[in-house]
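One structure below.
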Amino acid sequence: MTIQGKIALVTGGSRGIGRAICARLGSMGCFVWVNYVSRSDAAEETIEMVRQVGGQGQAVQLDVADFNQVQDGFKDIVAESGSIDILVNNAGITRDGLVARMKEGDWDAVLDTNLKGAFSCAKAAVKPMMKKRWGRIVNISSIIGFSGNGGQVNYAAAKSGMIGLTKSLAREFASRKITVNCVAPGYIVTEMTQDLDEAVREKMLSEIPLAALGEVDDVAAAVEYLVSDRAGYVTGQTIHVNGGMYM
């Protein structure tokens with residue numbers, strides 16, 4: 001079974017890694033729903049990229065941290081498109097700070113978006129997948145979820161939690177031919193890393209065996225594999241895209 005014509009939804013798809021994933025899925029023949037929260041202009045730019053590679057797409061505004069908003073929004077998408085076949089849980093935020101100074105609201109915001117959001121979306125998307133007895137869920141975690149990082153206890157906890165979520169969902173959905181996997185990027189060139197101080201950047205590079213930051217297309221390539229027929233017998237796994245920084 002090819003994914004040509006499949007319906008895909010990418011959370012946090014308007015920029016960075018999410019945008020690259022949307023474009024890759026569009027190039028594979030998917031109709032791509034591009035989720036965003038506030039930047040409709042960025043979402044439209046992503047859709048234009050999807051069209052340029054031969055795909056089709058549409059923007060959908062919803063906050064994955066809001067459980068009810070996700071359930072209602074996904075129902076509307078299924079009503080319009082007929083299904084959700086591929087879900088990529090990419091939406092994520094940071095509220096960095098040392099734990100002694102971290103506010104409860106900063107902890108809650110990151111966990112609600114990065115971890116609860118993945119749960120809420122998977123819960124909503126799996127219903128149409130189960131009916132068709134086919135589906136692909138890919139969760140975008142992080143190297144930080146495996147190695148930890150000072151000043152990012154909330155982010156590390158959320159991204160680590162996605163690993164357990166992935167494994168448990170994979171076991172629950174396997175009998176319905178739905179695979180659930182994870183991609184854990186390392187340091188990737190995005191808007192955030194482009195503005196790093198040169199000294200910080202050099203320190204990063206010194207810790208990466210391949211001595212280079214990753215590109216968003218490196219992450220998109222891993223997602224491409226996991227949603228394809230070639231990965232039909234792969235579930236509950238994590239692909240690390242980090243240049244060897246974490247082994």
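Chains: A, B, ... in order of the structure tokens. Residues: from 1 per chain. Ligands: from 1, in order shown.
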Please run DSSP on the backbone and report, as a PDB file with N, CA and C atoms, in the first residue's frame, all residues within region 129-196 of chain A that come out as helix (DSSP H, G or I).
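In the end it all went to selection_34.pdb:
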ATOM      1  N   MET A 129      -7.937   5.835  11.839  1.00  0.00           N
ATOM      2  CA  MET A 129      -6.914   4.863  11.459  1.00  0.00           C
ATOM      3  C   MET A 129      -7.378   3.439  11.773  1.00  0.00           C
ATOM      4  N   MET A 130      -7.992   3.256  12.923  1.00  0.00           N
ATOM      5  CA  MET A 130      -8.453   1.934  13.329  1.00  0.00           C
ATOM      6  C   MET A 130      -9.537   1.412  12.391  1.00  0.00           C
ATOM      7  N   LYS A 131     -10.384   2.316  11.924  1.00  0.00           N
ATOM      8  CA  LYS A 131     -11.436   1.905  10.994  1.00  0.00           C
ATOM      9  C   LYS A 131     -10.849   1.397   9.683  1.00  0.00           C
ATOM     10  N   LYS A 132      -9.772   2.022   9.234  1.00  0.00           N
ATOM     11  CA  LYS A 132      -9.131   1.631   7.974  1.00  0.00           C
ATOM     12  C   LYS A 132      -8.091   0.528   8.161  1.00  0.00           C
ATOM     13  N   ILE A 144      17.595  15.729  23.858  1.00  0.00           N
ATOM     14  CA  ILE A 144      17.507  16.164  25.250  1.00  0.00           C
ATOM     15  C   ILE A 144      16.676  15.196  26.083  1.00  0.00           C
ATOM     16  N   GLY A 145      15.733  14.514  25.445  1.00  0.00           N
ATOM     17  CA  GLY A 145      14.925  13.532  26.153  1.00  0.00           C
ATOM     18  C   GLY A 145      15.722  12.317  26.584  1.00  0.00           C
ATOM     19  N   PHE A 146      16.891  12.111  25.980  1.00  0.00           N
ATOM     20  CA  PHE A 146      17.752  10.978  26.317  1.00  0.00           C
ATOM     21  C   PHE A 146      18.928  11.396  27.187  1.00  0.00           C
ATOM     22  N   SER A 147      19.519  12.549  26.880  1.00  0.00           N
ATOM     23  CA  SER A 147      20.725  12.973  27.598  1.00  0.00           C
ATOM     24  C   SER A 147      20.436  13.893  28.768  1.00  0.00           C
ATOM     25  N   VAL A 153      14.640  21.179  32.390  1.00  0.00           N
ATOM     26  CA  VAL A 153      14.010  20.020  33.026  1.00  0.00           C
ATOM     27  C   VAL A 153      12.605  19.757  32.480  1.00  0.00           C
ATOM     28  N   ASN A 154      11.879  20.830  32.173  1.00  0.00           N
ATOM     29  CA  ASN A 154      10.529  20.659  31.630  1.00  0.00           C
ATOM     30  C   ASN A 154      10.566  20.065  30.225  1.00  0.00           C
ATOM     31  N   TYR A 155      11.452  20.597  29.394  1.00  0.00           N
ATOM     32  CA  TYR A 155      11.585  20.121  28.013  1.00  0.00           C
ATOM     33  C   TYR A 155      12.098  18.681  27.987  1.00  0.00           C
ATOM     34  N   ALA A 156      13.101  18.385  28.822  1.00  0.00           N
ATOM     35  CA  ALA A 156      13.644  17.030  28.874  1.00  0.00           C
ATOM     36  C   ALA A 156      12.594  16.029  29.339  1.00  0.00           C
ATOM     37  N   ALA A 157      11.818  16.411  30.334  1.00  0.00           N
ATOM     38  CA  ALA A 157      10.778  15.510  30.845  1.00  0.00           C
ATOM     39  C   ALA A 157       9.723  15.226  29.778  1.00  0.00           C
ATOM     40  N   ALA A 158       9.325  16.271  29.059  1.00  0.00           N
ATOM     41  CA  ALA A 158       8.314  16.098  28.017  1.00  0.00           C
ATOM     42  C   ALA A 158       8.833  15.234  26.875  1.00  0.00           C
ATOM     43  N   LYS A 159      10.044  15.501  26.419  1.00  0.00           N
ATOM     44  CA  LYS A 159      10.592  14.754  25.291  1.00  0.00           C
ATOM     45  C   LYS A 159      10.938  13.320  25.669  1.00  0.00           C
ATOM     46  N   SER A 160      11.348  13.095  26.911  1.00  0.00           N
ATOM     47  CA  SER A 160      11.557  11.740  27.393  1.00  0.00           C
ATOM     48  C   SER A 160      10.229  11.001  27.507  1.00  0.00           C
ATOM     49  N   GLY A 161       9.215  11.710  27.971  1.00  0.00           N
ATOM     50  CA  GLY A 161       7.885  11.117  28.071  1.00  0.00           C
ATOM     51  C   GLY A 161       7.343  10.651  26.737  1.00  0.00           C
ATOM     52  N   MET A 162       7.736  11.331  25.663  1.00  0.00           N
ATOM     53  CA  MET A 162       7.275  10.937  24.333  1.00  0.00           C
ATOM     54  C   MET A 162       7.801   9.557  23.933  1.00  0.00           C
ATOM     55  N   ILE A 163       8.947   9.158  24.484  1.00  0.00           N
ATOM     56  CA  ILE A 163       9.497   7.841  24.176  1.00  0.00           C
ATOM     57  C   ILE A 163       8.598   6.758  24.774  1.00  0.00           C
ATOM     58  N   GLY A 164       8.237   6.914  26.041  1.00  0.00           N
ATOM     59  CA  GLY A 164       7.324   5.963  26.664  1.00  0.00           C
ATOM     60  C   GLY A 164       5.964   5.973  26.005  1.00  0.00           C
ATOM     61  N   LEU A 165       5.491   7.154  25.635  1.00  0.00           N
ATOM     62  CA  LEU A 165       4.219   7.265  24.924  1.00  0.00           C
ATOM     63  C   LEU A 165       4.276   6.489  23.617  1.00  0.00           C
ATOM     64  N   THR A 166       5.361   6.653  22.883  1.00  0.00           N
ATOM     65  CA  THR A 166       5.528   5.972  21.597  1.00  0.00           C
ATOM     66  C   THR A 166       5.474   4.460  21.765  1.00  0.00           C
ATOM     67  N   LYS A 167       6.208   3.928  22.719  1.00  0.00           N
ATOM     68  CA  LYS A 167       6.260   2.478  22.916  1.00  0.00           C
ATOM     69  C   LYS A 167       4.904   1.917  23.340  1.00  0.00           C
ATOM     70  N   SER A 168       4.227   2.628  24.225  1.00  0.00           N
ATOM     71  CA  SER A 168       2.934   2.145  24.705  1.00  0.00           C
ATOM     72  C   SER A 168       1.869   2.193  23.611  1.00  0.00           C
ATOM     73  N   LEU A 169       1.850   3.295  22.853  1.00  0.00           N
ATOM     74  CA  LEU A 169       0.899   3.389  21.749  1.00  0.00           C
ATOM     75  C   LEU A 169       1.179   2.323  20.694  1.00  0.00           C
ATOM     76  N   ALA A 170       2.463   2.057  20.437  1.00  0.00           N
ATOM     77  CA  ALA A 170       2.826   1.036  19.453  1.00  0.00           C
ATOM     78  C   ALA A 170       2.245  -0.315  19.851  1.00  0.00           C
ATOM     79  N   ARG A 171       2.305  -0.652  21.121  1.00  0.00           N
ATOM     80  CA  ARG A 171       1.743  -1.925  21.587  1.00  0.00           C
ATOM     81  C   ARG A 171       0.217  -1.935  21.488  1.00  0.00           C
ATOM     82  N   GLU A 172      -0.408  -0.814  21.813  1.00  0.00           N
ATOM     83  CA  GLU A 172      -1.872  -0.750  21.784  1.00  0.00           C
ATOM     84  C   GLU A 172      -2.437  -0.860  20.366  1.00  0.00           C
ATOM     85  N   PHE A 173      -1.751  -0.259  19.402  1.00  0.00           N
ATOM     86  CA  PHE A 173      -2.324  -0.129  18.057  1.00  0.00           C
ATOM     87  C   PHE A 173      -1.810  -1.142  17.048  1.00  0.00           C
ATOM     88  N   ALA A 174      -0.845  -1.956  17.430  1.00  0.00           N
ATOM     89  CA  ALA A 174      -0.218  -2.864  16.463  1.00  0.00           C
ATOM     90  C   ALA A 174      -1.209  -3.811  15.804  1.00  0.00           C
ATOM     91  N   SER A 175      -2.185  -4.284  16.554  1.00  0.00           N
ATOM     92  CA  SER A 175      -3.140  -5.246  16.002  1.00  0.00           C
ATOM     93  C   SER A 175      -4.017  -4.635  14.911  1.00  0.00           C
ATOM     94  N   ARG A 176      -4.055  -3.305  14.856  1.00  0.00           N
ATOM     95  CA  ARG A 176      -4.831  -2.605  13.823  1.00  0.00           C
ATOM     96  C   ARG A 176      -3.944  -2.108  12.683  1.00  0.00           C
ATOM     97  N   GLU A 191      15.714  28.494  12.984  1.00  0.00           N
ATOM     98  CA  GLU A 191      15.768  29.903  13.364  1.00  0.00           C
ATOM     99  C   GLU A 191      16.442  30.077  14.726  1.00  0.00           C
ATOM    100  N   MET A 192      16.212  29.110  15.619  1.00  0.00           N
ATOM    101  CA  MET A 192      16.757  29.212  16.966  1.00  0.00           C
ATOM    102  C   MET A 192      18.278  29.048  16.970  1.00  0.00           C
ATOM    103  N   THR A 193      18.803  28.070  16.227  1.00  0.00           N
ATOM    104  CA  THR A 193      20.240  27.806  16.253  1.00  0.00           C
ATOM    105  C   THR A 193      21.035  28.764  15.370  1.00  0.00           C
ATOM    106  N   GLN A 194      20.389  29.389  14.400  1.00  0.00           N
ATOM    107  CA  GLN A 194      21.096  30.306  13.512  1.00  0.00           C
ATOM    108  C   GLN A 194      21.624  31.533  14.246  1.00  0.00           C
TER     109      GLN A 194
END
*Residues within 7 Å of region 83-95 of chain A, only C-alpha atoms, excluding chain neighbours under 2 positions, as a ChimeraX atom specification*: /A:6-12,18,78,81,97,106,110,113-114,118,125,128-129,135-140,155
*Rank nothing, just name the residue among A:Gly214, A:Pro185, A:Gly54, A:Gly16 nearest to Met28 (chain A), using only C-alpha atoms.*
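The answer is A:Gly54, which sits nearest to Met28 (chain A).
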*May I have the residues within 9 Å of Leu210 (chain A) as a PyMOL selection string, using only C-alpha atoms and disregarding those fewer than 4 positions away in the same chain?*
chain A and resi 205+242-245
_Can you pull out the residues contacting Ser40 (chain A)? Cut-off 9 Å, using only C-alpha atoms, and skip same-chain residues under 6 positions away; I want them as a list in words._
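Returned residues: Ser14, Ala59, Val60 and Gln61 of chain A.
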Using the selection just defined, write its residues with C-alpha atoms as an mmCIF file, in the first residue's frame.
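Once written, out17.cif looks like this:
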data_model
loop_
_atom_site.group_PDB
_atom_site.id
_atom_site.type_symbol
_atom_site.label_atom_id
_atom_site.label_comp_id
_atom_site.auth_asym_id
_atom_site.auth_seq_id
_atom_site.Cartn_x
_atom_site.Cartn_y
_atom_site.Cartn_z
ATOM 1 C CA SER A 14 4.379 26.184 9.869
ATOM 2 C CA ALA A 59 -3.858 25.101 7.134
ATOM 3 C CA VAL A 60 -5.622 24.251 10.372
ATOM 4 C CA GLN A 61 -5.416 26.480 13.430
#
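Proximity ranking of A:Leu226, A:Glu80, A:Phe74, A:Val53 relative to Arg24 (chain A) places A:Val53 first, based on only C-alpha atoms.
Taking only C-alpha atoms, the non-local environment of Arg15 (chain A) within 8 Å (same-chain residues fewer than 6 positions away omitted) comprises Ala42, Ala43 and Thr46 of chain A.
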*Go ahead and compute the interatomic distance for CA of Ser206 (chain A) and CA of Tyr225 (chain A), in Å to one decimal.*
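These two atoms are separated by 29.0 Å.
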*Skipping near chain neighbours, those fewer than 2 positions away, what residues fall within 10 Å of Tyr233 (chain A) using only C-alpha atoms, listed as a ChimeraX atom specification?*
/A:174,177,179,226,229-231,235
*Among region 85-208 of chain A, which ones does DSSP place in strand (DSSP E or B), written as a PyMOL selection string?*
chain A and resi 86-89+135-140+178-185+188
*asked:* One decimal, in Å: what's the spacing between CA of Gly186 (chain A) and CA of Asp218 (chain A)?
replied: 10.5 Å
